[in-house]
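Student: Provided herewith: start23.txt, compact mmCIF, C-alpha atoms.
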```
# COMPACT_ATOMS: atom_id res chain seq x y z
CA MET F 1 0.00 0.00 0.00
CA PRO F 2 1.19 3.55 -0.59
CA SER F 3 1.89 5.78 2.34
CA PRO F 4 -0.95 8.01 3.61
CA HIS F 5 1.14 11.01 2.54
CA LEU F 6 0.94 10.10 -1.15
CA PRO F 7 -1.92 10.00 -3.66
CA PRO F 8 -3.84 6.68 -3.65
CA SER F 9 -1.70 5.07 -6.34
CA ARG F 10 1.84 5.44 -7.56
CA ARG F 11 0.40 5.96 -11.03
CA GLY F 12 -1.32 9.13 -9.85
CA PHE F 13 1.79 10.03 -7.90
CA LEU F 14 3.92 9.91 -11.03
CA ARG F 15 1.49 12.07 -12.96
CA ALA F 16 1.38 14.77 -10.31
CA GLY F 17 4.49 16.92 -10.47
CA ALA F 18 3.61 18.63 -7.21
CA GLY F 19 3.19 15.27 -5.50
CA LEU F 20 6.57 14.15 -6.76
CA ALA F 21 8.16 17.31 -5.45
CA ALA F 22 6.50 17.00 -2.07
CA SER F 23 7.63 13.40 -1.65
CA LEU F 24 11.26 14.52 -1.83
CA GLY F 25 10.86 17.83 -0.06
CA LEU F 26 11.69 19.65 -3.29
CA ALA F 27 10.12 22.77 -4.72
CA ALA F 28 8.06 22.36 -7.88
CA ALA F 29 9.35 24.06 -10.99
CA THR F 30 8.04 27.56 -11.59
CA ALA F 31 5.54 28.39 -14.32
CA PRO F 32 8.09 30.43 -16.34
CA ALA F 33 10.50 27.50 -16.26
CA ARG F 34 7.77 25.17 -17.50
CA ALA F 35 6.90 27.57 -20.30
CA ALA F 36 10.54 27.68 -21.38
CA GLU F 37 10.66 23.89 -21.21
CA ARG F 38 7.71 23.62 -23.59
CA ALA F 39 9.37 26.02 -26.01
CA CYS F 40 12.73 24.27 -25.85
CA PRO F 41 12.13 20.72 -24.56
CA PHE F 42 15.78 19.67 -24.83
CA GLY F 43 17.26 22.56 -22.85
CA ARG F 44 20.97 23.11 -23.36
CA HIS F 45 21.42 19.70 -24.98
CA GLY F 46 20.68 20.74 -28.56
CA SER F 47 17.78 19.58 -30.72
CA PRO F 48 17.21 17.59 -33.90
CA GLU F 49 18.17 20.77 -35.77
CA ARG F 50 21.24 21.42 -33.60
CA ARG F 51 22.82 18.04 -32.83
CA PRO F 52 26.14 18.29 -31.00
CA THR F 53 27.13 14.99 -32.65
CA PRO F 54 25.55 12.68 -35.24
CA GLN F 55 25.43 10.07 -32.46
CA THR F 56 22.81 12.07 -30.53
CA LEU F 57 19.09 11.27 -30.78
CA TYR F 58 16.17 13.15 -29.25
CA VAL F 59 13.08 11.72 -27.56
CA ASP F 60 9.94 13.77 -26.91
CA PRO F 61 6.42 12.47 -26.25
CA TYR F 62 4.90 15.35 -28.22
CA GLY F 63 6.75 14.67 -31.46
CA ARG F 64 9.37 17.41 -31.29
CA GLY F 65 12.26 14.95 -31.32
CA ASP F 66 13.38 12.03 -33.43
CA PHE F 67 11.21 9.57 -31.51
CA THR F 68 8.24 9.66 -29.15
CA SER F 69 9.28 6.63 -27.06
CA VAL F 70 12.49 5.66 -25.35
CA GLN F 71 12.45 2.12 -26.72
CA ALA F 72 12.05 3.35 -30.28
CA ALA F 73 15.13 5.53 -29.84
CA VAL F 74 17.09 2.67 -28.25
CA THR F 75 16.18 0.37 -31.13
CA ALA F 76 17.44 2.95 -33.63
CA ALA F 77 20.61 3.72 -31.65
CA THR F 78 22.64 0.72 -32.78
CA GLY F 79 26.32 0.24 -32.09
CA SER F 80 28.38 2.02 -29.46
CA GLY F 81 28.54 5.53 -28.06
CA ARG F 82 24.99 6.73 -28.75
CA THR F 83 23.35 9.48 -26.67
CA LEU F 84 19.62 9.88 -26.02
CA VAL F 85 18.40 13.29 -24.86
CA ILE F 86 14.97 12.73 -23.33
CA ALA F 87 12.49 15.60 -23.03
CA PRO F 88 10.21 15.99 -20.00
CA GLY F 89 7.35 13.52 -19.96
CA THR F 90 6.06 10.27 -18.53
CA TYR F 91 7.11 7.39 -20.78
CA ARG F 92 4.82 4.48 -19.98
CA GLU F 93 6.68 1.60 -21.56
CA THR F 94 9.17 -1.16 -20.93
CA VAL F 95 12.68 -0.57 -22.23
CA LEU F 96 15.54 -2.96 -23.03
CA LEU F 97 19.07 -1.78 -23.77
CA ASP F 98 20.76 -4.96 -24.94
CA ALA F 99 24.42 -5.84 -24.53
CA THR F 100 25.39 -4.72 -28.05
CA ARG F 101 24.56 -1.05 -27.42
CA THR F 102 27.63 -0.19 -25.35
CA GLU F 103 28.77 3.19 -24.01
CA ALA F 104 25.24 4.60 -24.21
CA THR F 105 24.27 7.82 -22.43
CA TRP F 106 20.74 8.88 -21.49
CA ILE F 107 20.19 12.47 -20.40
CA GLY F 108 17.07 13.96 -18.84
CA ALA F 109 16.90 17.19 -20.81
CA SER F 110 15.54 19.43 -18.05
CA GLU F 111 18.25 18.27 -15.62
CA ASP F 112 15.53 17.59 -13.03
CA PRO F 113 14.83 13.86 -12.59
CA ARG F 114 11.23 14.56 -11.61
CA ASP F 115 10.50 15.62 -15.17
CA VAL F 116 11.58 12.51 -17.10
CA VAL F 117 9.90 9.33 -15.87
CA ILE F 118 10.18 5.88 -17.44
CA VAL F 119 7.50 3.72 -15.81
CA TYR F 120 5.47 0.54 -16.20
CA ASP F 121 3.51 -1.79 -13.92
CA HIS F 122 4.53 -5.43 -14.32
CA ALA F 123 5.12 -7.59 -11.24
CA ASN F 124 6.62 -11.04 -10.79
CA GLY F 125 3.15 -12.59 -10.70
CA THR F 126 1.57 -10.55 -13.50
CA PRO F 127 0.16 -12.95 -16.13
CA LYS F 128 1.89 -12.78 -19.53
CA PRO F 129 -0.25 -12.67 -22.67
CA GLY F 130 1.23 -15.97 -23.91
CA GLY F 131 0.86 -17.76 -20.59
CA GLY F 132 2.87 -17.90 -17.39
CA THR F 133 4.01 -14.86 -15.45
CA TYR F 134 6.77 -12.29 -15.91
CA GLY F 135 8.93 -13.33 -12.95
CA THR F 136 11.13 -10.88 -11.08
CA THR F 137 13.53 -10.20 -13.96
CA GLY F 138 10.70 -9.90 -16.47
CA SER F 139 8.89 -7.39 -14.26
CA ALA F 140 11.57 -4.74 -14.83
CA THR F 141 10.37 -1.52 -16.40
CA THR F 142 13.88 -0.87 -17.73
CA THR F 143 16.59 -3.48 -18.33
CA LEU F 144 20.12 -2.26 -18.99
CA GLN F 145 22.54 -4.95 -20.19
CA ALA F 146 25.22 -2.98 -22.03
CA ASP F 147 28.60 -2.04 -20.58
CA GLY F 148 29.49 1.62 -20.17
CA PHE F 149 25.95 2.92 -19.61
CA THR F 150 25.44 6.41 -18.16
CA ALA F 151 22.20 8.04 -17.00
CA ARG F 152 21.66 11.53 -15.62
CA TRP F 153 18.50 13.22 -14.30
CA ILE F 154 16.05 10.38 -15.02
CA THR F 155 13.41 8.64 -12.89
CA PHE F 156 13.06 4.87 -13.32
CA ALA F 157 9.84 3.57 -11.78
CA ASN F 158 7.51 0.63 -11.38
CA ASP F 159 4.05 1.70 -10.19
CA TRP F 160 2.57 -1.77 -9.63
CA LEU F 161 0.73 -1.84 -6.29
CA ARG F 162 -0.19 -4.76 -4.05
CA ALA F 163 -3.52 -3.14 -3.15
CA ASP F 164 -4.59 -3.15 -6.79
CA HIS F 165 -3.82 -6.87 -7.22
CA PRO F 166 -4.74 -8.82 -4.07
CA ASP F 167 -4.82 -12.04 -6.11
CA ILE F 168 -1.12 -11.82 -7.03
CA THR F 169 1.40 -13.24 -4.55
CA GLY F 170 4.54 -12.59 -6.62
CA THR F 171 4.81 -8.94 -5.61
CA GLN F 172 8.36 -8.20 -6.76
CA ALA F 173 8.12 -5.28 -9.21
CA VAL F 174 11.47 -4.02 -10.51
CA ALA F 175 11.92 -0.43 -11.67
CA VAL F 176 15.31 -1.06 -13.26
CA LYS F 177 17.58 -4.07 -13.69
CA VAL F 178 21.19 -3.06 -14.32
CA GLN F 179 23.56 -5.75 -15.62
CA GLY F 180 26.37 -4.02 -17.47
CA ASP F 181 29.86 -3.23 -16.18
CA ARG F 182 30.68 0.46 -15.70
CA SER F 183 27.04 1.52 -15.29
CA SER F 184 26.76 5.02 -13.83
CA PHE F 185 23.73 6.93 -12.54
CA THR F 186 23.89 10.54 -11.35
CA HIS F 187 20.95 12.53 -9.96
CA CYS F 188 18.53 9.72 -10.82
CA ARG F 189 15.51 8.42 -8.92
CA PHE F 190 14.32 4.83 -8.55
CA LEU F 191 10.70 4.42 -7.41
CA GLY F 192 8.91 1.22 -6.50
CA HIS F 193 7.96 -0.99 -3.58
CA GLN F 194 9.49 -4.49 -3.60
CA ASP F 195 12.75 -5.02 -5.52
CA THR F 196 12.95 -1.47 -6.86
CA LEU F 197 16.64 -1.39 -7.92
CA TYR F 198 18.17 -4.65 -9.15
CA ALA F 199 21.95 -4.19 -9.31
CA ASP F 200 22.97 -7.35 -11.12
CA SER F 201 25.39 -8.68 -13.76
CA MET F 202 25.05 -10.58 -17.02
CA ALA F 203 26.41 -13.84 -15.60
CA LEU F 204 27.36 -15.37 -12.26
CA GLY F 205 31.07 -15.13 -12.95
CA THR F 206 30.87 -11.52 -14.18
CA PHE F 207 31.57 -8.84 -11.59
CA ALA F 208 29.71 -5.81 -12.96
CA ARG F 209 30.71 -2.46 -11.44
CA GLN F 210 28.01 0.14 -10.90
CA TYR F 211 28.07 3.66 -9.49
CA TYR F 212 25.10 5.61 -8.12
CA ALA F 213 25.74 9.21 -7.06
CA HIS F 214 23.26 11.72 -5.60
CA CYS F 215 20.42 9.28 -6.32
CA TYR F 216 17.11 8.71 -4.55
CA VAL F 217 15.75 5.17 -4.05
CA GLU F 218 12.50 4.22 -2.34
CA GLY F 219 10.67 1.01 -1.58
CA ASP F 220 9.83 -1.51 1.11
CA VAL F 221 11.03 -5.11 0.64
CA ASP F 222 14.63 -5.75 -0.52
CA PHE F 223 14.41 -2.63 -2.62
CA VAL F 224 18.16 -2.45 -3.35
CA PHE F 225 19.41 -5.92 -4.24
CA GLY F 226 21.58 -8.06 -6.49
CA ARG F 227 25.10 -9.40 -7.03
CA ALA F 228 26.79 -6.38 -8.65
CA THR F 229 29.75 -4.51 -7.20
CA ALA F 230 27.69 -1.39 -6.54
CA VAL F 231 28.74 1.89 -4.92
CA TYR F 232 26.06 4.24 -3.60
CA ASP F 233 27.71 7.61 -3.08
CA ARG F 234 25.74 10.38 -1.32
CA CYS F 235 22.40 8.75 -2.03
CA HIS F 236 19.07 8.90 -0.20
CA PHE F 237 17.19 5.69 0.57
CA ARG F 238 13.60 6.03 1.81
CA THR F 239 11.46 3.27 3.28
CA LEU F 240 7.72 3.47 2.66
CA ASN F 241 4.86 3.05 5.06
CA ARG F 242 2.67 -0.06 4.82
CA THR F 243 -0.92 -0.28 6.03
CA ASP F 244 -1.23 -3.90 4.86
CA LEU F 245 0.98 -5.14 7.73
CA ALA F 246 0.16 -4.95 11.42
CA ALA F 247 3.65 -5.44 12.84
CA ALA F 248 7.34 -5.01 12.14
CA PRO F 249 9.31 -5.57 10.08
CA TYR F 250 7.74 -3.83 7.14
CA GLY F 251 10.74 -4.61 4.97
CA PHE F 252 14.46 -4.46 4.27
CA VAL F 253 16.52 -1.82 2.51
CA PHE F 254 19.33 -3.97 1.09
CA ALA F 255 19.47 -7.60 -0.04
CA PRO F 256 22.87 -8.24 -1.66
CA SER F 257 23.59 -11.58 -3.34
CA THR F 258 27.34 -11.21 -3.93
CA ALA F 259 29.12 -14.22 -5.39
CA ALA F 260 31.61 -15.80 -3.01
CA ALA F 261 34.45 -15.17 -5.47
CA ASN F 262 33.69 -11.46 -5.67
CA PRO F 263 35.72 -9.51 -3.06
CA ARG F 264 33.42 -6.48 -3.26
CA GLY F 265 29.65 -6.28 -3.04
CA HIS F 266 27.51 -3.25 -2.17
CA LEU F 267 29.09 -0.15 -0.62
CA VAL F 268 27.02 2.71 0.78
CA THR F 269 29.00 5.83 1.62
CA GLY F 270 28.09 9.36 2.70
CA SER F 271 24.38 8.61 2.31
CA ARG F 272 21.21 8.62 4.41
CA VAL F 273 18.26 6.35 5.10
CA SER F 274 14.94 7.95 6.03
CA SER F 275 11.49 6.46 6.56
CA GLU F 276 7.77 7.12 6.35
CA ALA F 277 7.12 4.12 8.59
CA PRO F 278 7.06 3.97 12.40
CA ASP F 279 10.38 3.97 14.19
CA GLY F 280 12.25 0.67 14.10
CA PHE F 281 9.95 -0.98 11.55
CA TYR F 282 12.65 -1.62 8.94
CA LYS F 283 15.75 -3.78 8.86
CA LEU F 284 18.83 -2.38 7.20
CA ALA F 285 19.56 -5.58 5.29
CA ARG F 286 19.18 -9.29 4.86
CA PRO F 287 21.34 -11.61 2.72
CA TRP F 288 19.92 -13.08 -0.46
CA VAL F 289 21.41 -16.44 -1.40
CA PRO F 290 19.52 -17.32 -4.60
CA GLY F 291 18.81 -20.82 -5.75
CA SER F 292 20.97 -20.14 -8.80
CA ASP F 293 24.02 -19.55 -6.58
CA THR F 294 23.80 -21.34 -3.26
CA THR F 295 27.47 -20.59 -2.57
CA ALA F 296 26.90 -16.80 -2.59
CA ARG F 297 28.29 -14.76 0.32
CA PRO F 298 26.33 -11.50 0.27
CA MET F 299 28.40 -8.41 1.03
CA LEU F 300 27.25 -4.99 2.23
CA THR F 301 29.23 -2.20 3.85
CA VAL F 302 27.46 0.92 5.07
CA ARG F 303 29.76 3.73 6.15
CA ASP F 304 29.61 7.41 7.04
CA THR F 305 25.85 7.26 6.54
CA HIS F 306 22.97 8.70 8.57
CA LEU F 307 20.47 6.00 9.56
CA GLY F 308 17.16 7.48 10.63
CA PRO F 309 14.83 6.12 13.33
CA GLY F 310 13.03 3.88 10.85
CA ILE F 311 15.89 1.37 11.08
CA ASP F 312 15.78 -1.20 13.89
CA ALA F 313 18.94 -0.26 15.77
CA VAL F 314 18.86 -3.28 18.08
CA ALA F 315 18.71 -5.88 15.30
CA PRO F 316 19.30 -4.19 11.93
CA TYR F 317 20.07 -7.45 10.11
CA THR F 318 17.99 -10.60 9.74
CA ASN F 319 17.94 -13.80 7.71
CA MET F 320 16.12 -14.34 4.45
CA SER F 321 16.62 -18.07 5.03
CA ASP F 322 17.87 -19.64 8.25
CA THR F 323 20.03 -21.90 6.07
CA TYR F 324 22.20 -18.86 5.37
CA PRO F 325 22.53 -16.82 8.60
CA TRP F 326 23.39 -13.18 8.12
CA GLN F 327 26.28 -13.62 10.59
CA ASP F 328 28.01 -15.90 8.05
CA GLN F 329 27.88 -13.24 5.34
CA ARG F 330 29.94 -10.09 4.80
CA PHE F 331 28.00 -7.31 6.52
CA ALA F 332 29.77 -4.38 8.16
CA GLU F 333 29.40 -0.73 9.16
CA TYR F 334 31.74 2.15 9.85
CA ARG F 335 31.17 5.56 11.45
CA ASN F 336 27.44 5.68 10.81
CA THR F 337 25.30 8.24 12.63
CA GLY F 338 21.67 8.75 13.61
CA PRO F 339 19.23 6.87 15.84
CA GLY F 340 19.19 3.87 13.50
CA ALA F 341 22.96 3.51 13.88
CA ALA F 342 23.10 3.24 17.67
CA VAL F 343 25.13 0.20 18.73
CA GLY F 344 23.26 -1.35 21.63
CA ALA F 345 24.24 -4.96 20.95
CA PRO F 346 27.72 -5.06 19.35
CA ALA F 347 27.24 -8.63 18.13
CA ASN F 348 24.36 -7.40 15.99
CA ARG F 349 26.36 -4.62 14.33
CA PRO F 350 29.74 -5.71 12.91
CA GLN F 351 32.07 -2.70 12.61
CA LEU F 352 35.09 -2.22 10.37
CA THR F 353 38.42 -1.27 11.88
CA ARG F 354 40.14 1.86 10.56
CA GLU F 355 42.50 -0.33 8.56
CA GLN F 356 39.61 -2.28 7.01
CA ALA F 357 37.74 0.93 6.24
CA ALA F 358 40.67 2.14 4.13
CA SER F 359 39.70 -0.54 1.59
CA ALA F 360 35.98 0.25 1.72
CA THR F 361 36.03 3.19 -0.69
CA ARG F 362 34.68 3.89 -4.14
CA GLU F 363 38.24 4.01 -5.48
CA VAL F 364 39.04 0.50 -4.28
CA TYR F 365 35.67 -0.94 -5.26
CA LEU F 366 35.68 0.45 -8.80
CA GLY F 367 39.39 0.21 -9.58
CA ASP F 368 40.49 1.85 -12.81
CA TRP F 369 36.99 3.19 -13.50
CA THR F 370 36.42 6.68 -12.03
CA PRO F 371 32.90 7.82 -13.04
CA TRP F 372 32.84 10.66 -10.48
CA LYS F 373 35.45 12.42 -12.60
CA GLU F 374 33.30 12.39 -15.70
CA GLY F 375 31.32 15.44 -16.82
CA ARG F 376 28.02 16.03 -15.06
```
Kindly return the structure encoded in the file as structure tokens.
Tutor:
Amino acid sequence: MPSPHLPPSRRGFLRAGAGLAASLGLAAATAPARAAERACPFGRHGSPERRPTPQTLYVDPYGRGDFTSVQAAVTAATGSGRTLVIAPGTYRETVLLDATRTEATWIGASEDPRDVVIVYDHANGTPKPGGGTYGTTGSATTTLQADGFTARWITFANDWLRADHPDITGTQAVAVKVQGDRSSFTHCRFLGHQDTLYADSMALGTFARQYYAHCYVEGDVDFVFGRATAVYDRCHFRTLNRTDLAAAPYGFVFAPSTAAANPRGHLVTGSRVSSEAPDGFYKLARPWVPGSDTTARPMLTVRDTHLGPGIDAVAPYTNMSDTYPWQDQRFAEYRNTGPGAAVGAPANRPQLTREQAASATREVYLGDWTPWKEGR
């Protein structure tokens, strides 16, 4: 269920610019700015008449670009190094960027992620037209398989709601599944409920590196999950309220599924976790050991991050399956602050030493790839 502070469905929420702004505590764009946006939907990023490079394509739902849908532009943008400039609008569609379309860049033209929204409403248990259901992977609104992907100022969302589908038990509904190496997201938003952001790789033995900077992610159950080597740098994670449950826990922020051979899983640094739910109703993480990799050793390090009162400070970690206790996985914290970071039972909150923390940085995790140095 959506929180009582939001419109009755995420679909309405996405359509209401003011509601989007309120949810993040941001001011809505002014009328003059909107008028300018209508006159020049691609902002400073050129236009079909003023392309900075032949590799640039323009998407606009009102027909002022090369294409009116994101998938149509992706299909046309074959090869490597293509850029999509996406005008403000709600793009209700599923999108697949396959592995052949490497080094792609998607830019939200207004440079405000509230304005460019890619959204659909499939869930794991949603029936497919040809029979069967979509499954968790198939539920993704956007699937990004290519290496070298970059996104700036875009919202990726899945607005499927449990309350609208009481007959469906497979409630995972992915906003974006990211599988490529060197995938970078700056000033993006990821909206959903269960399994919002799937940070994955193309194969079990592939250690895909991903970087999320100044991003906003919201959800309830395992809403940041997967086996990628993923760095979340100065991001905001927000847990949603749930009126369909009578008791804690309402959900879990992180559910890494790091392969045992991978020395680096998920790293959260300089970020914050806030909540719409009652105090202590969320766990920080639980390990996901999938049936496809029963030898996985999930890894999560949260450091220099503010944990709000929504996190259960006494027992922030729990098991997804008692066969794989969280204590046997690679969970750790370092210099976190806030009421959700209080260490009342040290055994429940493994802490890095200063020496260990020196290796828990974006530089170490991402190696020779330095996306924070790239142009914004």
Student: With distances taken over only C-alpha atoms, which residue among F:Gly265, F:Pro113, F:Pro287, F:Gly148 lies nearest Tyr216 in chain F?
Tutor: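 With only C-alpha atoms as the atom set, the closest residue is F:Pro113.
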Student: List as a list in words the protein and nucleic acid residues near Trp106 in chain F, meaning an atom at most 8 Å away when only C-alpha atoms are counted, but skip any in the same chain fewer than 2 places from it.
Tutor: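 Contacts, in chain order: Thr83, Leu84, Val85, Ile86, Ala104, Gly108, Thr150, Ala151 and Arg152 of chain F.
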Student: Just C-alpha atoms for this one: save the residues we selected as a PDB file, keeping the file's coordinate frame.
Tutor:
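And here is the file that came out, result15.pdb:
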```
ATOM      1  CA  THR F  83      23.350   9.480 -26.670  1.00  0.00           C
ATOM      2  CA  LEU F  84      19.620   9.880 -26.020  1.00  0.00           C
ATOM      3  CA  VAL F  85      18.400  13.290 -24.860  1.00  0.00           C
ATOM      4  CA  ILE F  86      14.970  12.730 -23.330  1.00  0.00           C
ATOM      5  CA  ALA F 104      25.240   4.600 -24.210  1.00  0.00           C
ATOM      6  CA  GLY F 108      17.070  13.960 -18.840  1.00  0.00           C
ATOM      7  CA  THR F 150      25.440   6.410 -18.160  1.00  0.00           C
ATOM      8  CA  ALA F 151      22.200   8.040 -17.000  1.00  0.00           C
ATOM      9  CA  ARG F 152      21.660  11.530 -15.620  1.00  0.00           C
TER      10      ARG F 152
END
```
Student: Just the residues within 8 Å of Ala342 in chain F, please, counting only C-alpha atoms, with nothing from its chain fewer than 5 positions along; format it as an NGL selection string.
Tutor: :F and (313-314 or 337)
Student: Keeping C-alpha atoms, export the residues of the selection given above as a JSON list (two decimals), in the frame of the given file.
Tutor:
```
[["chain", "number", "residue", "atom", "x", "y", "z"],
["F", 313, "ALA", "CA", 18.94, -0.26, 15.77],
["F", 314, "VAL", "CA", 18.86, -3.28, 18.08],
["F", 337, "THR", "CA", 25.30, 8.24, 12.63]]
```
Student: Looking at only C-alpha atoms, which of F:Lys373, F:Arg297, F:Arg335, F:Arg114 is the one that sits closest to Gly270 in chain F?
Tutor: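 Of F:Lys373, F:Arg297, F:Arg335, F:Arg114, the one nearest Gly270 in chain F, counting only C-alpha atoms, is F:Arg335.
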Student: Give me, as a ChimeraX atom specification, all polymer residues having an atom no more than 10 Å from Thr90 in chain F, counting all atoms listed in the file and skipping those fewer than 4 positions away in the same chain.
Tutor: /F:14-15,60-61,69,114-119,155
Student: Need to verify the contact set: Arg238 in chain F, 9 Å, only C-alpha atoms, exclusion of same-chain residues closer than 5 positions in sequence. Can you return it as a ChimeraX atom specification?
Tutor: /F:216-220,253,272-276
Student: Using 10 Å as the limit and counting only C-alpha atoms, can you tabulate each residue of range 179-228 of chain F that touches range 345-366 of chain F, with its shortest atom-to-atom distance in Å and the two atoms involved, as CSV?
Tutor:
```
residue,atom,partner,partner_atom,distance
F:Arg182,CA,F:Leu366,CA,8.5
F:Ala208,CA,F:Leu366,CA,9.6
F:Arg209,CA,F:Leu366,CA,6.3
F:Gln210,CA,F:Leu366,CA,8.0
F:Tyr211,CA,F:Leu366,CA,8.3
```
Student: Please measure the separation of CA of Asp233 in chain F and CA of Met299 in chain F, giving the value in Å to one decimal.
Tutor: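 The value is 16.6 Å.
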Student: Which one is closest to Gly226 in chain F: F:Thr206, F:Thr105, F:Ser201, F:Thr239? Count all atoms listed in the file.
Tutor: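 Among the listed residues, F:Ser201 lies closest to Gly226 in chain F.
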Student: Report as a PyMOL selection string all protein, DNA and RNA residues lying within 8 Å of range 156-158 of chain F, evaluated on only C-alpha atoms, omitting residues in the same chain fewer than 6 positions from it.
Tutor: chain F and resi 117-122+140-142+173-176+188-193+196
Student: What is the distance between CA of Asp279 in chain F and CA of Pro309 in chain F, in Å to one decimal?
Tutor: 5.0 Å
Student: Quick one: of F:Tyr198, F:Trp372, F:Trp160, F:Phe185, who's nearest to Ser257 in chain F, counting only C-alpha atoms?
Tutor: F:Tyr198
Student: I'd like the interatomic distance between CA of Ala76 in chain F and CA of Pro41 in chain F, to a tenth of an Å.
Tutor: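 That distance, rounded to one decimal, is 20.6 Å.
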Student: If you take every atom of range 183-201 of chain F that the file lists and fit an axis-aligned box around them with 3 Å extra on each side, what centre and edge lengths come out in Å to one decimal, as lines of an AutoDock Vina configuration file?
Tutor:
```
center_x = 17.5
center_y = 1.9
center_z = -9.4
size_x = 25.1
size_y = 27.2
size_z = 17.7
```
Student: For each of F:Trp288, F:Tyr324, F:Phe331, F:Tyr282, take the minimum atom-to-atom distance to Gly310 in chain F, counting all atoms listed in the file, then give the residue where this is smallest.
Tutor: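 Closest residue, counting all atoms listed in the file: F:Tyr282.
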